[in-house]
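Source file: final_12.pdb. Holds: PDB, C-alpha atoms, pLDDT in the B column.
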```pdb
ATOM      1  CA  MET L1001      10.432 -58.254 -64.795  1.00 54.00           C
ATOM      2  CA  LYS L1002      12.269 -60.799 -62.623  1.00 52.00           C
ATOM      3  CA  GLN L1003      15.347 -58.582 -62.625  1.00 56.00           C
ATOM      4  CA  VAL L1004      13.341 -55.566 -61.450  1.00 48.00           C
ATOM      5  CA  LEU L1005      11.704 -57.627 -58.682  1.00 45.00           C
ATOM      6  CA  ALA L1006      15.085 -59.017 -57.565  1.00 49.00           C
ATOM      7  CA  LEU L1007      16.543 -55.476 -57.537  1.00 45.00           C
ATOM      8  CA  ALA L1008      13.594 -54.126 -55.506  1.00 48.00           C
ATOM      9  CA  ILE L1009      13.929 -56.954 -52.926  1.00 53.00           C
ATOM     10  CA  GLY L1010      17.696 -56.366 -52.704  1.00 54.00           C
ATOM     11  CA  ILE L1011      17.240 -52.644 -52.094  1.00 55.00           C
ATOM     12  CA  ALA L1012      14.546 -53.284 -49.476  1.00 55.00           C
ATOM     13  CA  LEU L1013      16.747 -55.764 -47.616  1.00 52.00           C
ATOM     14  CA  SER L1014      19.810 -53.519 -47.664  1.00 57.00           C
ATOM     15  CA  ALA L1015      17.781 -50.483 -46.539  1.00 54.00           C
ATOM     16  CA  SER L1016      16.351 -52.346 -43.537  1.00 52.00           C
ATOM     17  CA  ALA L1017      19.831 -53.568 -42.541  1.00 50.00           C
ATOM     18  CA  CYS L1018      21.125 -49.980 -42.443  1.00 54.00           C
ATOM     19  CA  SER L1019      18.477 -48.494 -40.204  1.00 60.00           C
ATOM     20  CA  ASP L1020      19.430 -47.452 -36.673  1.00 67.00           C
ATOM     21  CA  PRO L1021      18.069 -49.538 -33.805  1.00 74.00           C
ATOM     22  CA  VAL L1022      15.229 -48.031 -31.847  1.00 78.00           C
ATOM     23  CA  ALA L1023      16.369 -46.741 -28.453  1.00 72.00           C
ATOM     24  CA  PRO L1024      14.533 -48.136 -25.430  1.00 69.00           C
ATOM     25  CA  ALA L1025      12.021 -45.821 -23.811  1.00 69.00           C
ATOM     26  CA  THR L1026      13.406 -43.623 -21.043  1.00 69.00           C
ATOM     27  CA  PRO L1027      11.777 -44.532 -17.731  1.00 67.00           C
ATOM     28  CA  THR L1028       9.591 -41.861 -16.183  1.00 78.00           C
ATOM     29  CA  PRO L1029      11.114 -40.864 -12.824  1.00 78.00           C
ATOM     30  CA  ALA L1030       8.831 -41.715  -9.895  1.00 84.00           C
ATOM     31  CA  THR L1031       7.667 -38.975  -7.566  1.00 89.00           C
ATOM     32  CA  PRO L1032       9.388 -39.287  -4.181  1.00 89.00           C
ATOM     33  CA  THR L1033       6.888 -40.737  -1.695  1.00 90.00           C
ATOM     34  CA  ILE L1034       8.953 -42.677   0.876  1.00 94.00           C
ATOM     35  CA  PRO L1035      10.010 -40.515   3.843  1.00 97.00           C
ATOM     36  CA  GLU L1036      12.883 -41.547   6.097  1.00 98.00           C
ATOM     37  CA  THR L1037      13.849 -39.462   9.127  1.00 98.00           C
ATOM     38  CA  PHE L1038      17.257 -39.683  10.769  1.00 98.00           C
ATOM     39  CA  THR L1039      18.389 -38.073  14.017  1.00 98.00           C
ATOM     40  CA  GLY L1040      21.723 -37.839  15.730  1.00 98.00           C
ATOM     41  CA  THR L1041      24.248 -35.748  17.586  1.00 98.00           C
ATOM     42  CA  LEU L1042      26.891 -34.018  15.501  1.00 98.00           C
ATOM     43  CA  LEU L1043      30.214 -33.269  17.194  1.00 98.00           C
ATOM     44  CA  PRO L1044      32.498 -30.381  16.235  1.00 98.00           C
ATOM     45  CA  LEU L1045      34.456 -31.403  13.095  1.00 97.00           C
ATOM     46  CA  GLY L1046      32.300 -34.554  12.910  1.00 97.00           C
ATOM     47  CA  THR L1047      30.280 -36.315  10.235  1.00 97.00           C
ATOM     48  CA  ASP L1048      27.217 -38.554  10.632  1.00 97.00           C
ATOM     49  CA  THR L1049      26.065 -40.799   7.784  1.00 97.00           C
ATOM     50  CA  HIS L1050      22.737 -42.593   7.365  1.00 97.00           C
ATOM     51  CA  PRO L1051      22.023 -45.179   4.609  1.00 97.00           C
ATOM     52  CA  PHE L1052      18.775 -45.520   2.655  1.00 98.00           C
ATOM     53  CA  THR L1053      17.674 -47.605  -0.323  1.00 97.00           C
ATOM     54  CA  VAL L1054      16.060 -46.293  -3.506  1.00 96.00           C
ATOM     55  CA  THR L1055      13.801 -48.901  -5.130  1.00 95.00           C
ATOM     56  CA  GLN L1056      12.657 -46.865  -8.174  1.00 94.00           C
ATOM     57  CA  ILE L1057      14.327 -44.311 -10.384  1.00 94.00           C
ATOM     58  CA  GLY L1058      12.977 -40.978  -9.231  1.00 95.00           C
ATOM     59  CA  GLY L1059      13.279 -37.887  -7.127  1.00 95.00           C
ATOM     60  CA  ILE L1060      15.248 -37.441  -3.911  1.00 97.00           C
ATOM     61  CA  GLU L1061      14.668 -34.537  -1.537  1.00 97.00           C
ATOM     62  CA  VAL L1062      16.776 -33.879   1.575  1.00 98.00           C
ATOM     63  CA  SER L1063      15.558 -31.571   4.350  1.00 97.00           C
ATOM     64  CA  LEU L1064      17.499 -30.553   7.438  1.00 98.00           C
ATOM     65  CA  THR L1065      14.431 -30.084   9.625  1.00 97.00           C
ATOM     66  CA  GLY L1066      16.044 -29.440  13.001  1.00 97.00           C
ATOM     67  CA  VAL L1067      19.333 -28.382  14.624  1.00 98.00           C
ATOM     68  CA  MET L1068      19.540 -27.680  18.378  1.00 97.00           C
ATOM     69  CA  PRO L1069      21.127 -25.414  19.362  1.00 97.00           C
ATOM     70  CA  GLY L1070      20.698 -23.595  16.061  1.00 95.00           C
ATOM     71  CA  ALA L1071      23.684 -23.722  13.716  1.00 96.00           C
ATOM     72  CA  SER L1072      24.666 -24.050  10.078  1.00 97.00           C
ATOM     73  CA  VAL L1073      25.825 -27.534   9.104  1.00 98.00           C
ATOM     74  CA  GLY L1074      26.607 -29.326   5.896  1.00 98.00           C
ATOM     75  CA  ILE L1075      24.207 -31.840   4.381  1.00 98.00           C
ATOM     76  CA  GLY L1076      24.880 -34.077   1.429  1.00 98.00           C
ATOM     77  CA  VAL L1077      23.632 -37.102  -0.455  1.00 98.00           C
ATOM     78  CA  GLY L1078      25.751 -39.769  -2.096  1.00 97.00           C
ATOM     79  CA  THR L1079      26.627 -43.435  -2.224  1.00 97.00           C
ATOM     80  CA  PRO L1080      28.039 -45.573   0.590  1.00 97.00           C
ATOM     81  CA  SER L1081      31.706 -46.550   0.536  1.00 94.00           C
ATOM     82  CA  GLY L1082      32.568 -48.553   3.626  1.00 90.00           C
ATOM     83  CA  ALA L1083      31.828 -46.368   6.650  1.00 89.00           C
ATOM     84  CA  ASN L1084      31.876 -43.218   4.488  1.00 93.00           C
ATOM     85  CA  CYS L1085      29.429 -41.543   2.146  1.00 97.00           C
ATOM     86  CA  LEU L1086      30.869 -40.423  -1.200  1.00 97.00           C
ATOM     87  CA  LEU L1087      28.880 -37.239  -1.705  1.00 97.00           C
ATOM     88  CA  ILE L1088      27.323 -36.508  -5.075  1.00 96.00           C
ATOM     89  CA  ASP L1089      25.884 -33.167  -3.929  1.00 97.00           C
ATOM     90  CA  ASN L1090      26.146 -31.136  -0.734  1.00 98.00           C
ATOM     91  CA  LEU L1091      25.575 -27.682   0.678  1.00 98.00           C
ATOM     92  CA  THR L1092      25.524 -25.652   3.895  1.00 98.00           C
ATOM     93  CA  ALA L1093      22.067 -25.441   5.464  1.00 97.00           C
ATOM     94  CA  VAL L1094      20.113 -24.235   8.470  1.00 97.00           C
ATOM     95  CA  ALA L1095      17.017 -26.021   9.711  1.00 97.00           C
ATOM     96  CA  SER L1096      13.962 -25.535   7.498  1.00 95.00           C
ATOM     97  CA  PRO L1097      10.804 -27.526   6.755  1.00 92.00           C
ATOM     98  CA  ASN L1098      11.561 -27.183   3.021  1.00 95.00           C
ATOM     99  CA  ALA L1099      13.914 -29.432   1.069  1.00 96.00           C
ATOM    100  CA  GLN L1100      17.370 -27.926   0.704  1.00 97.00           C
ATOM    101  CA  LEU L1101      18.693 -30.577  -1.725  1.00 97.00           C
ATOM    102  CA  ARG L1102      16.749 -31.960  -4.678  1.00 96.00           C
ATOM    103  CA  GLY L1103      17.812 -34.352  -7.376  1.00 94.00           C
ATOM    104  CA  THR L1104      16.969 -37.510  -9.285  1.00 94.00           C
ATOM    105  CA  ALA L1105      18.237 -41.002  -8.575  1.00 95.00           C
ATOM    106  CA  THR L1106      18.983 -42.357 -12.043  1.00 93.00           C
ATOM    107  CA  VAL L1107      19.690 -45.825 -10.652  1.00 94.00           C
ATOM    108  CA  THR L1108      18.207 -47.901  -7.860  1.00 95.00           C
ATOM    109  CA  GLY L1109      20.220 -49.141  -4.907  1.00 97.00           C
ATOM    110  CA  SER L1110      22.054 -47.912  -1.835  1.00 97.00           C
ATOM    111  CA  PHE L1111      22.418 -44.216  -1.119  1.00 98.00           C
ATOM    112  CA  CYS L1112      23.370 -42.232   1.978  1.00 98.00           C
ATOM    113  CA  VAL L1113      22.774 -38.851   3.537  1.00 98.00           C
ATOM    114  CA  SER L1114      25.477 -37.086   5.560  1.00 98.00           C
ATOM    115  CA  VAL L1115      25.302 -34.312   8.113  1.00 98.00           C
ATOM    116  CA  PHE L1116      28.664 -32.700   8.806  1.00 98.00           C
ATOM    117  CA  ASP L1117      30.316 -29.788  10.577  1.00 98.00           C
ATOM    118  CA  ILE L1118      31.479 -27.112   8.148  1.00 97.00           C
ATOM    119  CA  GLY L1119      33.969 -25.888  10.756  1.00 96.00           C
ATOM    120  CA  ASP L1120      31.645 -23.568  12.688  1.00 94.00           C
ATOM    121  CA  LEU L1121      30.512 -25.808  15.572  1.00 97.00           C
ATOM    122  CA  VAL L1122      31.917 -25.051  19.031  1.00 96.00           C
ATOM    123  CA  GLU L1123      29.649 -27.586  20.756  1.00 97.00           C
ATOM    124  CA  SER L1124      27.715 -30.686  19.736  1.00 98.00           C
ATOM    125  CA  VAL L1125      24.272 -30.233  18.171  1.00 98.00           C
ATOM    126  CA  ASN L1126      21.296 -32.537  17.824  1.00 98.00           C
ATOM    127  CA  TYR L1127      19.855 -32.728  14.323  1.00 98.00           C
ATOM    128  CA  THR L1128      16.988 -34.191  12.351  1.00 98.00           C
ATOM    129  CA  VAL L1129      17.243 -34.777   8.611  1.00 98.00           C
ATOM    130  CA  THR L1130      14.493 -36.166   6.398  1.00 98.00           C
ATOM    131  CA  VAL L1131      15.010 -37.881   3.043  1.00 98.00           C
ATOM    132  CA  LEU L1132      12.073 -38.286   0.669  1.00 97.00           C
ATOM    133  CA  HIS L1133      12.722 -40.797  -2.128  1.00 96.00           C
ATOM    134  CA  SER L1134      11.134 -43.387  -4.411  1.00 91.00           C
TER     135      SER L1134
END
```
Encoded form (C-alpha cells):
Amino acid sequence: MKQVLALAIGIALSASACSDPVAPATPTPATPTIPETFTGTLLPLGTDTHPFTVTQIGGIEVSLTGVMPGASVGIGVGTPSGANCLLIDNLTAVASPNAQLRGTATVTGSFCVSVFDIGDLVESVNYTVTVLHS
C-alpha cells in the first residue's frame, strides 16, 4: 500500500511540474476618447510632425479634417525619433470629417502624427489634423 501511495504522489508531482504556465490575460484595448487637434502650414516638399502621448493600450484614429486650399497630402502615425517621426502607417488623404487612419496602440508612450507633401503641392497649405487616442 505504501508503495502505491508513493508512486501516486510521484506521478502527481511530476505531472504538475510538466504543465505549461498559464499565459497572462491579454489587456482589452481601450476605446479612443482623447482628442488632440493640430494645425499648421505645410510647405511644398515639407513635413510637419506633432507628438502625442498614449496612456492606455487602445485605438488610434487620425483624421485630416481640413486643408486650405484643397489638396491631397500624406498623413501618417508613428513614433518620434529626434525631430522626425518614424511612420508605422501612412496614406494619401483629402480633408474629411471621418478618420482616414485607424489602428491600435499595443504599447503606451510617445507617438507622433505627420502631415507631408506627397509631391503635388505648388503652394503652401494650412491643415488641421485630429488624433483620437486612449
Problem set entry | Point-to-point distance in Å for atom CA of L:Val1054 and atom CA of L:Ala1099 | 17.6 Å
For this session: Report as a list in words the full result of the PyMOL selection byres ((chain L and resi 1105) around 8) when it is applied to this structure.
Result: Val1054, Ile1057, Gly1058, Gly1059, Ile1060, Gly1103, Thr1104, Thr1106, Val1107 and Thr1108 of chain L
Exercise. Neighbours of L:Pro1051 within 8 Å (all atoms listed in the file; same-chain residues fewer than 6 positions away dropped), as number ranges by chain?
Worked result: L: 1080, 1110-1113
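Nearest residue to L:Thr1037, choosing from L:Val1062, L:Leu1087, L:Leu1121, L:Ala1023 and counting all atoms listed in the file: L:Val1062.
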For this session: Determine the residue set returned by the PyMOL selection byres ((chain L and resi 1100) around 10) for the present structure, and present it as a list in words.
Result: Glu1061, Val1062, Ser1063, Leu1064, Thr1065, Ile1075, Gly1076, Asn1090, Leu1091, Thr1092, Ala1093, Val1094, Ala1095, Ser1096, Pro1097, Asn1098, Ala1099, Leu1101 and Arg1102 of chain L
Please produce a file of the residues just selected, as a PDB file, keeping the file's coordinate frame, where the atoms kept are C-alpha atoms.
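What follows is the written file out10.pdb:
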```
ATOM      1  CA  GLU L1061      14.668 -34.537  -1.537  1.00 97.00           C
ATOM      2  CA  VAL L1062      16.776 -33.879   1.575  1.00 98.00           C
ATOM      3  CA  SER L1063      15.558 -31.571   4.350  1.00 97.00           C
ATOM      4  CA  LEU L1064      17.499 -30.553   7.438  1.00 98.00           C
ATOM      5  CA  THR L1065      14.431 -30.084   9.625  1.00 97.00           C
ATOM      6  CA  ILE L1075      24.207 -31.840   4.381  1.00 98.00           C
ATOM      7  CA  GLY L1076      24.880 -34.077   1.429  1.00 98.00           C
ATOM      8  CA  ASN L1090      26.146 -31.136  -0.734  1.00 98.00           C
ATOM      9  CA  LEU L1091      25.575 -27.682   0.678  1.00 98.00           C
ATOM     10  CA  THR L1092      25.524 -25.652   3.895  1.00 98.00           C
ATOM     11  CA  ALA L1093      22.067 -25.441   5.464  1.00 97.00           C
ATOM     12  CA  VAL L1094      20.113 -24.235   8.470  1.00 97.00           C
ATOM     13  CA  ALA L1095      17.017 -26.021   9.711  1.00 97.00           C
ATOM     14  CA  SER L1096      13.962 -25.535   7.498  1.00 95.00           C
ATOM     15  CA  PRO L1097      10.804 -27.526   6.755  1.00 92.00           C
ATOM     16  CA  ASN L1098      11.561 -27.183   3.021  1.00 95.00           C
ATOM     17  CA  ALA L1099      13.914 -29.432   1.069  1.00 96.00           C
ATOM     18  CA  LEU L1101      18.693 -30.577  -1.725  1.00 97.00           C
ATOM     19  CA  ARG L1102      16.749 -31.960  -4.678  1.00 96.00           C
TER      20      ARG L1102
END
```
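Distance-wise, atom CA of L:Ile1034 and atom CA of L:Ile1118 end up 28.3 Å apart.
Nearest to L:Thr1047 of all the residues L:Asn1084, L:Thr1028, L:Thr1079, L:Thr1033 is L:Asn1084, counting all atoms listed in the file.
The space separating atom CA of L:Thr1031 from atom CA of L:His1133 comes to 7.6 Å.
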I would like the residues chosen by the PyMOL selection byres ((chain L and resi 1083) around 10) on the shown file; could you give them as a JSON list (two decimals) with C-alpha atoms, in the coordinates of the input?
```json
[["chain", "number", "residue", "atom", "x", "y", "z"],
["L", 1048, "ASP", "CA", 27.22, -38.55, 10.63],
["L", 1049, "THR", "CA", 26.06, -40.80, 7.78],
["L", 1050, "HIS", "CA", 22.74, -42.59, 7.36],
["L", 1080, "PRO", "CA", 28.04, -45.57, 0.59],
["L", 1081, "SER", "CA", 31.71, -46.55, 0.54],
["L", 1082, "GLY", "CA", 32.57, -48.55, 3.63],
["L", 1084, "ASN", "CA", 31.88, -43.22, 4.49],
["L", 1085, "CYS", "CA", 29.43, -41.54, 2.15],
["L", 1086, "LEU", "CA", 30.87, -40.42, -1.20]]
```
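When only C-alpha atoms are used to measure the gap to L:Pro1044, the shortest distance among L:Ala1030, L:Met1068, L:Val1122, L:Val1077 belongs to L:Val1122.
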Missing atoms in stretch 1024-1048 of chain L should be modelled up to N, CA and C atoms and reported as an mmCIF file, in the coordinates of the input.
```cif
data_model
loop_
_atom_site.group_PDB
_atom_site.id
_atom_site.type_symbol
_atom_site.label_atom_id
_atom_site.label_comp_id
_atom_site.auth_asym_id
_atom_site.auth_seq_id
_atom_site.Cartn_x
_atom_site.Cartn_y
_atom_site.Cartn_z
ATOM 1 N N PRO L 1024 15.584 -47.789 -26.388
ATOM 2 C CA PRO L 1024 14.533 -48.136 -25.430
ATOM 3 C C PRO L 1024 13.931 -46.871 -24.822
ATOM 4 N N ALA L 1025 12.707 -46.970 -24.409
ATOM 5 C CA ALA L 1025 12.021 -45.821 -23.811
ATOM 6 C C ALA L 1025 12.701 -45.428 -22.504
ATOM 7 N N THR L 1026 12.843 -44.138 -22.282
ATOM 8 C CA THR L 1026 13.406 -43.623 -21.043
ATOM 9 C C THR L 1026 12.368 -43.773 -19.940
ATOM 10 N N PRO L 1027 12.769 -44.370 -18.796
ATOM 11 C CA PRO L 1027 11.777 -44.532 -17.731
ATOM 12 C C PRO L 1027 11.353 -43.177 -17.161
ATOM 13 N N THR L 1028 10.098 -43.085 -16.801
ATOM 14 C CA THR L 1028 9.591 -41.861 -16.183
ATOM 15 C C THR L 1028 9.967 -41.892 -14.709
ATOM 16 N N PRO L 1029 10.720 -40.874 -14.230
ATOM 17 C CA PRO L 1029 11.114 -40.864 -12.824
ATOM 18 C C PRO L 1029 9.884 -40.833 -11.909
ATOM 19 N N ALA L 1030 9.925 -41.663 -10.867
ATOM 20 C CA ALA L 1030 8.831 -41.715 -9.895
ATOM 21 C C ALA L 1030 8.902 -40.511 -8.963
ATOM 22 N N THR L 1031 7.750 -40.058 -8.543
ATOM 23 C CA THR L 1031 7.667 -38.975 -7.566
ATOM 24 C C THR L 1031 8.104 -39.527 -6.216
ATOM 25 N N PRO L 1032 8.953 -38.775 -5.482
ATOM 26 C CA PRO L 1032 9.388 -39.287 -4.181
ATOM 27 C C PRO L 1032 8.223 -39.361 -3.195
ATOM 28 N N THR L 1033 8.016 -40.551 -2.617
ATOM 29 C CA THR L 1033 6.888 -40.737 -1.695
ATOM 30 C C THR L 1033 7.282 -41.455 -0.406
ATOM 31 N N ILE L 1034 8.524 -41.922 -0.307
ATOM 32 C CA ILE L 1034 8.953 -42.677 0.876
ATOM 33 C C ILE L 1034 9.782 -41.764 1.777
ATOM 34 N N PRO L 1035 9.230 -41.367 2.940
ATOM 35 C CA PRO L 1035 10.010 -40.515 3.843
ATOM 36 C C PRO L 1035 10.833 -41.368 4.821
ATOM 37 N N GLU L 1036 12.051 -40.943 5.062
ATOM 38 C CA GLU L 1036 12.883 -41.547 6.097
ATOM 39 C C GLU L 1036 13.475 -40.412 6.913
ATOM 40 N N THR L 1037 13.345 -40.500 8.234
ATOM 41 C CA THR L 1037 13.849 -39.462 9.127
ATOM 42 C C THR L 1037 14.991 -40.034 9.951
ATOM 43 N N PHE L 1038 16.075 -39.281 10.017
ATOM 44 C CA PHE L 1038 17.257 -39.683 10.769
ATOM 45 C C PHE L 1038 17.588 -38.595 11.786
ATOM 46 N N THR L 1039 17.988 -39.017 12.973
ATOM 47 C CA THR L 1039 18.389 -38.073 14.017
ATOM 48 C C THR L 1039 19.759 -38.482 14.533
ATOM 49 N N GLY L 1040 20.424 -37.532 15.157
ATOM 50 C CA GLY L 1040 21.723 -37.839 15.730
ATOM 51 C C GLY L 1040 22.304 -36.633 16.430
ATOM 52 N N THR L 1041 23.493 -36.825 16.948
ATOM 53 C CA THR L 1041 24.248 -35.748 17.586
ATOM 54 C C THR L 1041 25.523 -35.558 16.782
ATOM 55 N N LEU L 1042 25.721 -34.345 16.309
ATOM 56 C CA LEU L 1042 26.891 -34.018 15.501
ATOM 57 C C LEU L 1042 27.918 -33.312 16.381
ATOM 58 N N LEU L 1043 29.124 -33.850 16.412
ATOM 59 C CA LEU L 1043 30.214 -33.269 17.194
ATOM 60 C C LEU L 1043 30.977 -32.261 16.352
ATOM 61 N N PRO L 1044 31.650 -31.302 17.005
ATOM 62 C CA PRO L 1044 32.498 -30.381 16.235
ATOM 63 C C PRO L 1044 33.492 -31.165 15.371
ATOM 64 N N LEU L 1045 33.617 -30.772 14.118
ATOM 65 C CA LEU L 1045 34.456 -31.403 13.095
ATOM 66 C C LEU L 1045 34.020 -32.825 12.750
ATOM 67 N N GLY L 1046 32.793 -33.201 13.147
ATOM 68 C CA GLY L 1046 32.300 -34.554 12.910
ATOM 69 C C GLY L 1046 31.447 -34.689 11.667
ATOM 70 N N THR L 1047 31.155 -35.945 11.346
ATOM 71 C CA THR L 1047 30.280 -36.315 10.235
ATOM 72 C C THR L 1047 29.424 -37.491 10.675
ATOM 73 N N ASP L 1048 28.134 -37.438 10.407
ATOM 74 C CA ASP L 1048 27.217 -38.554 10.632
ATOM 75 C C ASP L 1048 26.631 -38.962 9.288
#
```
